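Below: run.tsv (TSV, C-alpha atoms)
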```tsv
chain	number	residue	atom	x	y	z
A	1161	MET	CA	-12.36	174.82	151.10
A	1162	ALA	CA	-11.69	178.15	149.44
A	1163	GLY	CA	-8.79	177.95	147.04
A	1164	VAL	CA	-6.72	179.57	144.36
A	1165	LEU	CA	-8.26	181.33	141.39
A	1166	ASN	CA	-6.80	182.43	138.10
A	1167	ARG	CA	-5.40	185.95	138.11
A	1168	THR	CA	-6.90	187.62	135.07
A	1169	GLY	CA	-8.64	190.54	136.76
A	1170	ALA	CA	-11.77	189.48	134.88
A	1171	GLY	CA	-14.05	188.36	137.66
A	1172	LEU	CA	-15.12	184.83	138.51
A	1173	GLY	CA	-16.34	182.35	135.98
A	1174	VAL	CA	-17.28	178.70	135.82
A	1175	GLY	CA	-14.78	176.46	137.55
A	1176	GLN	CA	-13.00	179.24	139.38
A	1177	ARG	CA	-12.58	179.45	143.13
A	1178	VAL	CA	-12.35	182.34	145.53
A	1179	ALA	CA	-9.30	183.08	147.65
A	1180	LEU	CA	-10.15	183.50	151.34
A	1181	GLU	CA	-7.86	185.54	153.56
A	1182	PHE	CA	-8.22	186.24	157.27
A	1183	ALA	CA	-6.62	189.09	159.19
A	1184	VAL	CA	-4.90	187.68	162.27
A	1185	GLU	CA	-2.53	188.90	164.96
A	1186	SER	CA	-0.75	185.78	166.15
A	1187	GLU	CA	0.39	182.25	165.49
A	1188	ALA	CA	-2.81	181.06	167.15
A	1189	GLY	CA	-4.83	183.12	164.70
A	1190	VAL	CA	-2.98	181.54	161.78
A	1191	ARG	CA	-3.93	178.11	163.09
A	1192	VAL	CA	-7.61	179.10	163.31
A	1193	ALA	CA	-7.50	180.44	159.76
A	1194	ALA	CA	-5.85	177.27	158.49
A	1195	ALA	CA	-8.44	175.08	160.20
A	1196	ALA	CA	-11.23	177.14	158.60
A	1197	GLY	CA	-9.75	176.60	155.14
A	1198	ALA	CA	-8.19	179.97	154.37
A	1199	LEU	CA	-5.75	180.25	151.49
A	1200	ARG	CA	-3.58	182.73	153.41
A	1201	VAL	CA	-3.57	185.24	156.26
A	1202	GLU	CA	-2.68	188.86	156.65
A	1203	LEU	CA	-0.63	189.21	159.82
A	1204	CYS	CA	-1.07	192.51	161.68
A	1205	ALA	CA	-0.65	194.00	165.13
A	1206	ASP	CA	-3.12	196.10	167.16
A	1207	LEU	CA	-6.04	195.62	164.80
A	1208	ALA	CA	-8.71	196.83	167.20
A	1209	ALA	CA	-6.86	199.95	168.29
A	1210	THR	CA	-5.20	201.05	165.05
A	1211	ASP	CA	-6.75	199.05	162.18
A	1212	GLY	CA	-3.39	197.30	162.01
A	1213	VAL	CA	0.31	198.13	162.13
A	1214	THR	CA	3.46	196.11	161.49
A	1215	PRO	CA	3.77	193.05	163.76
A	1216	SER	CA	6.99	192.19	165.57
A	1217	LEU	CA	9.65	190.04	163.96
A	1218	ALA	CA	9.04	187.35	166.58
A	1219	ASP	CA	5.34	187.25	165.69
A	1220	ILE	CA	6.14	187.08	161.98
A	1221	GLU	CA	8.52	184.16	162.48
A	1222	ALA	CA	6.05	182.28	164.68
A	1223	ALA	CA	3.19	182.84	162.23
A	1224	CYS	CA	5.25	181.70	159.24
A	1225	ALA	CA	6.27	178.53	161.07
A	1226	VAL	CA	2.64	177.30	161.00
A	1227	GLY	CA	2.84	176.60	157.27
A	1228	LEU	CA	-0.05	178.66	155.89
A	1229	PRO	CA	1.11	181.49	153.58
A	1230	VAL	CA	1.51	184.66	155.63
A	1231	HIS	CA	1.25	188.14	154.13
A	1232	VAL	CA	2.63	190.70	156.55
A	1233	LEU	CA	1.14	194.15	156.96
A	1234	VAL	CA	3.94	196.71	156.86
A	1235	ARG	CA	2.50	199.93	158.22
A	1236	PRO	CA	4.80	201.91	160.50
A	1237	ARG	CA	2.12	203.93	162.27
A	1238	PRO	CA	-1.64	204.46	162.44
A	1239	GLY	CA	-3.18	207.44	160.71
A	1240	GLY	CA	-2.92	208.60	157.12
A	1241	PHE	CA	-1.04	206.98	154.28
A	1242	ALA	CA	1.14	209.85	153.06
A	1243	TYR	CA	4.67	209.05	154.16
A	1244	GLY	CA	7.91	210.97	154.24
A	1245	ARG	CA	11.20	209.71	152.87
A	1246	GLU	CA	12.34	208.15	156.15
A	1247	GLU	CA	9.02	206.38	156.67
A	1248	LEU	CA	9.09	204.99	153.13
A	1249	ALA	CA	12.60	203.70	153.72
A	1250	ALA	CA	11.36	202.06	156.93
A	1251	ILE	CA	8.52	200.42	155.00
A	1252	GLU	CA	10.99	199.00	152.49
A	1253	ARG	CA	13.17	197.63	155.29
A	1254	GLY	CA	10.13	196.16	157.02
A	1255	CYS	CA	9.07	194.41	153.82
A	1256	VAL	CA	12.52	192.89	153.33
A	1257	GLN	CA	12.60	191.77	156.96
A	1258	ALA	CA	9.18	190.13	156.62
A	1259	VAL	CA	10.13	188.18	153.50
A	1260	ARG	CA	13.42	187.10	155.03
A	1261	ALA	CA	11.45	185.81	158.02
A	1262	GLY	CA	9.40	183.58	155.74
A	1263	ALA	CA	6.46	185.73	154.64
A	1264	ALA	CA	4.85	184.82	151.32
A	1265	GLY	CA	3.93	188.44	150.69
A	1266	VAL	CA	3.56	191.92	152.10
A	1267	VAL	CA	0.63	194.29	152.48
A	1268	VAL	CA	1.32	198.00	152.08
A	1269	GLY	CA	-0.40	201.24	151.12
A	1270	MET	CA	1.06	204.63	150.32
A	1271	LEU	CA	-0.62	207.67	148.83
A	1272	SER	CA	1.04	210.41	146.80
A	1273	ARG	CA	0.48	214.14	147.03
A	1274	ASP	CA	-2.37	213.98	144.51
A	1275	GLY	CA	-4.25	211.59	146.82
A	1276	GLY	CA	-3.88	208.57	144.56
A	1277	PRO	CA	-1.71	205.48	145.07
A	1278	ASP	CA	1.99	206.32	145.27
A	1279	ALA	CA	3.17	204.30	142.29
A	1280	GLU	CA	6.82	205.18	142.68
A	1281	ALA	CA	6.96	204.03	146.30
A	1282	LEU	CA	4.97	200.89	145.58
A	1283	ARG	CA	7.22	200.02	142.64
A	1284	ARG	CA	10.26	200.30	144.91
A	1285	VAL	CA	8.64	198.05	147.51
A	1286	ALA	CA	7.76	195.45	144.88
A	1287	GLY	CA	11.33	195.59	143.62
A	1288	VAL	CA	13.04	195.07	146.96
A	1289	VAL	CA	10.60	192.34	147.97
A	1290	ARG	CA	11.06	190.35	144.77
A	1291	ALA	CA	14.80	190.80	144.89
A	1292	GLU	CA	14.58	188.74	148.10
A	1293	ALA	CA	11.88	186.34	146.94
A	1294	PRO	CA	10.78	186.42	143.28
A	1295	ASP	CA	7.45	184.74	144.04
A	1296	ALA	CA	6.51	187.05	146.91
A	1297	GLU	CA	3.20	188.86	146.48
A	1298	VAL	CA	2.37	192.50	147.06
A	1299	THR	CA	-1.08	193.65	148.20
A	1300	PHE	CA	-2.14	197.29	148.29
A	1301	HIS	CA	-4.41	197.69	151.31
A	1302	ARG	CA	-7.39	199.93	152.02
A	1303	ALA	CA	-5.36	203.07	151.55
A	1304	PHE	CA	-7.01	202.57	148.15
A	1305	ASP	CA	-10.37	203.40	149.74
A	1306	ALA	CA	-8.91	206.56	151.22
A	1307	ALA	CA	-7.76	207.48	147.70
A	1308	LEU	CA	-11.24	206.89	146.26
A	1309	ALA	CA	-12.85	208.88	149.09
A	1310	ALA	CA	-10.48	211.76	148.30
A	1311	GLY	CA	-11.65	211.78	144.70
A	1312	ALA	CA	-9.17	209.55	142.87
A	1313	GLU	CA	-10.58	208.27	139.58
A	1314	PRO	CA	-11.06	204.49	140.02
A	1315	ALA	CA	-9.82	203.34	136.61
A	1316	ALA	CA	-6.70	205.49	136.80
A	1317	ALA	CA	-5.99	204.36	140.37
A	1318	LEU	CA	-6.28	200.70	139.37
A	1319	ALA	CA	-4.03	201.20	136.35
A	1320	ARG	CA	-1.48	202.94	138.55
A	1321	LEU	CA	-1.39	199.89	140.86
A	1322	ALA	CA	-1.13	197.44	137.97
A	1323	ASP	CA	1.83	199.32	136.52
A	1324	THR	CA	3.79	198.80	139.75
A	1325	GLY	CA	3.52	195.03	139.69
A	1326	ALA	CA	1.12	194.78	142.62
A	1327	ASP	CA	-0.83	191.53	142.76
A	1328	ARG	CA	-4.06	192.74	144.33
A	1329	VAL	CA	-5.89	195.56	146.02
A	1330	LEU	CA	-7.88	195.22	149.23
A	1331	THR	CA	-10.93	197.45	149.03
A	1332	SER	CA	-14.49	198.05	150.13
A	1333	GLY	CA	-15.13	200.08	147.00
A	1334	GLY	CA	-14.33	203.33	148.75
A	1335	ALA	CA	-17.21	202.87	151.21
A	1336	PRO	CA	-16.93	202.39	154.98
A	1337	ASP	CA	-17.58	198.67	154.50
A	1338	CYS	CA	-18.33	196.15	151.77
A	1339	ARG	CA	-22.07	196.17	152.37
A	1340	LEU	CA	-22.21	199.83	151.44
A	1341	GLY	CA	-19.64	199.37	148.70
A	1342	LEU	CA	-21.19	196.48	146.78
A	1343	THR	CA	-22.10	198.54	143.71
A	1344	ALA	CA	-18.68	200.16	143.63
A	1345	LEU	CA	-16.95	196.79	144.02
A	1346	ARG	CA	-18.82	195.43	141.03
A	1347	ARG	CA	-17.69	198.45	139.03
A	1348	LEU	CA	-14.09	198.02	140.17
A	1349	VAL	CA	-14.08	194.42	138.95
A	1350	GLY	CA	-15.20	195.61	135.52
A	1351	LEU	CA	-12.71	198.46	135.46
A	1352	ALA	CA	-9.88	196.12	136.47
A	1353	ARG	CA	-10.74	193.87	133.54
A	1354	GLU	CA	-10.19	196.80	131.17
A	1355	HIS	CA	-7.52	198.90	132.87
A	1356	ALA	CA	-5.60	196.55	135.15
A	1357	PRO	CA	-5.61	192.97	133.84
A	1358	GLY	CA	-3.99	190.66	136.35
A	1359	LEU	CA	-4.81	192.83	139.37
A	1360	GLU	CA	-7.05	190.99	141.81
A	1361	ILE	CA	-9.90	192.78	143.54
A	1362	MET	CA	-10.11	191.53	147.14
A	1363	ALA	CA	-13.17	192.66	149.08
A	1364	GLY	CA	-12.52	193.58	152.70
A	1365	GLY	CA	-14.25	195.60	155.39
A	1366	GLY	CA	-17.11	194.34	157.51
A	1367	VAL	CA	-17.30	190.99	155.73
A	1368	THR	CA	-19.72	188.47	157.24
A	1369	ALA	CA	-20.98	185.11	156.03
A	1370	ALA	CA	-24.25	186.76	154.97
A	1371	LEU	CA	-22.37	189.25	152.83
A	1372	VAL	CA	-20.35	186.62	150.97
A	1373	PRO	CA	-22.95	185.71	148.27
A	1374	PRO	CA	-23.49	189.30	147.07
A	1375	LEU	CA	-19.72	189.86	147.09
A	1376	LEU	CA	-19.22	186.82	144.89
A	1377	ASP	CA	-22.03	187.99	142.64
A	1378	ALA	CA	-20.13	191.27	142.29
A	1379	GLY	CA	-17.26	189.24	140.83
A	1380	VAL	CA	-14.54	189.86	143.41
A	1381	HIS	CA	-11.54	187.55	143.19
A	1382	ALA	CA	-10.90	187.21	146.91
A	1383	VAL	CA	-12.54	187.86	150.27
A	1384	HIS	CA	-10.73	189.28	153.30
A	1385	ALA	CA	-12.30	189.07	156.77
A	1386	SER	CA	-11.28	189.49	160.37
A	1387	ALA	CA	-14.00	187.18	161.76
A	1388	ARG	CA	-13.53	188.71	165.18
A	1389	GLY	CA	-15.18	187.24	168.24
A	1390	ARG	CA	-15.92	188.89	171.57
A	1391	GLY	CA	-12.28	189.00	172.53
A	1392	GLY	CA	-11.36	190.88	169.36
A	1393	THR	CA	-9.43	187.95	167.89
A	1394	ILE	CA	-10.43	185.62	165.08
A	1395	ASP	CA	-13.33	183.39	166.13
A	1396	PRO	CA	-13.25	179.79	164.84
A	1397	ALA	CA	-17.01	179.54	164.38
A	1398	THR	CA	-17.27	182.84	162.52
A	1399	ALA	CA	-14.27	182.02	160.34
A	1400	GLY	CA	-15.67	178.59	159.57
A	1401	ALA	CA	-19.04	180.05	158.62
A	1402	ILE	CA	-17.46	182.48	156.16
A	1403	ALA	CA	-15.35	179.74	154.59
A	1404	ALA	CA	-18.32	177.38	154.33
A	1405	THR	CA	-20.47	180.05	152.71
A	1406	ILE	CA	-17.81	180.73	150.08
A	1407	SER	CA	-17.47	177.04	149.27
A	1408	SER	CA	-21.23	176.55	149.07
A	1409	ALA	CA	-21.80	179.63	146.94
A	1410	VAL	CA	-19.11	178.71	144.44
A	1411	ALA	CA	-20.19	175.05	144.29
A	1412	ALA	CA	-23.80	176.10	143.62
A	1413	ARG	CA	-22.89	177.92	140.41
A	1414	PRO	CA	-23.87	176.07	137.25
A	1415	GLY	CA	-20.96	174.04	135.93
A	1416	ASN	CA	-18.93	174.27	139.12
A	1417	ALA	CA	-17.96	171.32	141.29
A	1418	GLN	CA	-15.72	171.17	144.33
```

How would this structure read if it were set down as structure tokens?
Amino acid sequence: MAGVLNRTGAGLGVGQRVALEFAVESEAGVRVAAAAGALRVELCADLAATDGVTPSLADIEAACAVGLPVHVLVRPRPGGFAYGREELAAIERGCVQAVRAGAAGVVVGMLSRDGGPDAEALRRVAGVVRAEAPDAEVTFHRAFDAALAAGAEPAAALARLADTGADRVLTSGGAPDCRLGLTALRRLVGLAREHAPGLEIMAGGGVTAALVPPLLDAGVHAVHASARGRGGTIDPATAGAIAATISSAVAARPGNAQ
């Protein structure tokens, strides 16, 4: 089973494990993820149509009742990640609502006028979330990839996130998916070690079981997958295959035992 790793930002070493997260849209999806051995889930709505927006309060409460840690995507609309004052206020309210409903963390992403992560907005989100629940986690989603694609300097962007108190960044290395972003992901892990200690690099975007070994070789701290089946929802067999591949790959490393 994939499990918790240390949070040094330094990449994986002997004895460390990889956090596995699945993107789901319902209580049923949380149960599939739990059965596969995920450490947590990201709860979203309308993944296929919008790449994910904020789920309803009822869905958040039902998902949290399962018992697996739930990190709630708080994204008020599809489209870009530059938000006005009212939208940012809505994001803050949505984050507080999610944590009050039982979420273990929130997933957000805002970009500033210069195209990089909006550190001020993210710092406010982290503050209001941890005022409600000190142990709640904050993930910056693939708005980070939009920032890289727009020309943001990777080391500076990572440092900006670390300064806000964010726990991790979900990224494909700025590429359309992790397969194309493998080299960039490896570089991000190294840059995080130097410029953003404590910030986890979580690989997400087109993750399959076959892609897991090269992702682990790149040193990522966590793997995020949707494991979608034909119906567009998480597929138990696909999710199980990804989880099993992570466990096998980590166990096969010299000095590791699970």

Quick one: everything within 10 Å of Leu1330 of chain A, counting all atoms listed in the file, minus sequence neighbours fewer than 5 positions away in the same chain. Send it as JSON, numbers by chain.
{"A": [1267, 1269, 1299, 1300, 1301, 1302, 1303, 1304, 1305, 1360, 1361, 1362, 1363, 1364, 1365, 1382, 1383, 1384]}

Determine, counting all atoms listed in the file, every residue of protein, DNA or RNA that lies within 12 Å of (-11.1, 187.6, 169.9) in the file coordinates, then give the result as an mmCIF file with C-alpha atoms, in the coordinates of the input.
```cif
data_model
loop_
_atom_site.group_PDB
_atom_site.id
_atom_site.type_symbol
_atom_site.label_atom_id
_atom_site.label_comp_id
_atom_site.auth_asym_id
_atom_site.auth_seq_id
_atom_site.Cartn_x
_atom_site.Cartn_y
_atom_site.Cartn_z
ATOM 1 C CA ALA A 1183 -6.620 189.090 159.190
ATOM 2 C CA VAL A 1184 -4.900 187.680 162.270
ATOM 3 C CA GLU A 1185 -2.530 188.900 164.960
ATOM 4 C CA SER A 1186 -0.750 185.780 166.150
ATOM 5 C CA ALA A 1188 -2.810 181.060 167.150
ATOM 6 C CA GLY A 1189 -4.830 183.120 164.700
ATOM 7 C CA VAL A 1192 -7.610 179.100 163.310
ATOM 8 C CA ASP A 1206 -3.120 196.100 167.160
ATOM 9 C CA LEU A 1207 -6.040 195.620 164.800
ATOM 10 C CA ALA A 1208 -8.710 196.830 167.200
ATOM 11 C CA SER A 1386 -11.280 189.490 160.370
ATOM 12 C CA ALA A 1387 -14.000 187.180 161.760
ATOM 13 C CA ARG A 1388 -13.530 188.710 165.180
ATOM 14 C CA GLY A 1389 -15.180 187.240 168.240
ATOM 15 C CA ARG A 1390 -15.920 188.890 171.570
ATOM 16 C CA GLY A 1391 -12.280 189.000 172.530
ATOM 17 C CA GLY A 1392 -11.360 190.880 169.360
ATOM 18 C CA THR A 1393 -9.430 187.950 167.890
ATOM 19 C CA ILE A 1394 -10.430 185.620 165.080
ATOM 20 C CA ASP A 1395 -13.330 183.390 166.130
ATOM 21 C CA PRO A 1396 -13.250 179.790 164.840
ATOM 22 C CA ALA A 1397 -17.010 179.540 164.380
ATOM 23 C CA THR A 1398 -17.270 182.840 162.520
ATOM 24 C CA ALA A 1399 -14.270 182.020 160.340
#
```

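The residue set within 10 Å of Gly1227 of chain A, counting only C-alpha atoms and dropping same-chain residues fewer than 2 places from it, reads Val1190, Arg1191, Ala1194, Arg1200, Ala1222, Ala1223, Cys1224, Ala1225, Pro1229, Val1230 and Gly1262 of chain A.
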
Find the residues with any atom within 8 Å of (1.1, 189.0, 155.7); use all atoms listed in the file and the coordinates as given in the file, and write the answer as a PyMOL selection string.
chain A and resi 1201-1204+1229-1233+1263-1267

Closest of A:Leu1318, A:Ile1402, A:Ala1409, A:Gly1212 to Asp1377 of chain A - atom-to-atom distances counting all atoms listed in the file
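Smallest distance to Asp1377 of chain A is found for A:Ala1409.
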
Neighbour list for Leu1308 of chain A as a VMD selection string, cut-off 9 Å, all atoms listed in the file, skip fewer than 3 positions in-chain:
chain A and resid 1275 to 1276 1303 to 1305 1311 to 1314 1317 1333 to 1335

Restricting the calculation to all atoms listed in the file: of A:Val1285, A:Leu1376, A:Leu1228, A:Val1367, which residue gets closest to Ala1250 of chain A?
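Distance minimum relative to Ala1250 of chain A lands on A:Val1285.
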
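The interatomic distance for the pair atom CA of Ala1369 of chain A and atom CA of Arg1328 of chain A works out to 21.9 Å.
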
Under the rule that only C-alpha atoms are counted, which of A:Arg1284, A:His1355, A:Arg1339, A:Arg1346 is the nearest residue to Arg1320 of chain A?
A:His1355

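Going from atom CA of Tyr1243 of chain A to atom CA of Gly1358 of chain A covers 27.0 Å.
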
I'd like to know which of A:Pro1373, A:Val1349, A:Val1234, A:Leu1248 is closest to Ala1411 of chain A, using only C-alpha atoms.
A:Pro1373

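Atom CA of Ala1261 of chain A to atom CA of Asp1278 of chain A spans 25.9 Å [interatomic distance, one decimal].
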
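Closest approach to Arg1253 of chain A from the set A:Ile1220, A:Met1270, A:Val1288, A:Ala1403 is made by A:Val1288, with distances taken over all atoms listed in the file.
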
Residue nearest Asp1327 of chain A - candidates A:Gly1350, A:Pro1357, A:Gly1400, A:Gly1240, atoms counted: only C-alpha atoms
A:Pro1357

Spatial neighbours of Ala1291 of chain A, max dist 12 Å, all atoms listed in the file, sep filter under 6 positions, as a list in words:
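With the cut-off at 12 Å, the set is Glu1252, Cys1255, Val1256, Val1259, Arg1260, Arg1284, Val1285 and Glu1297 of chain A.
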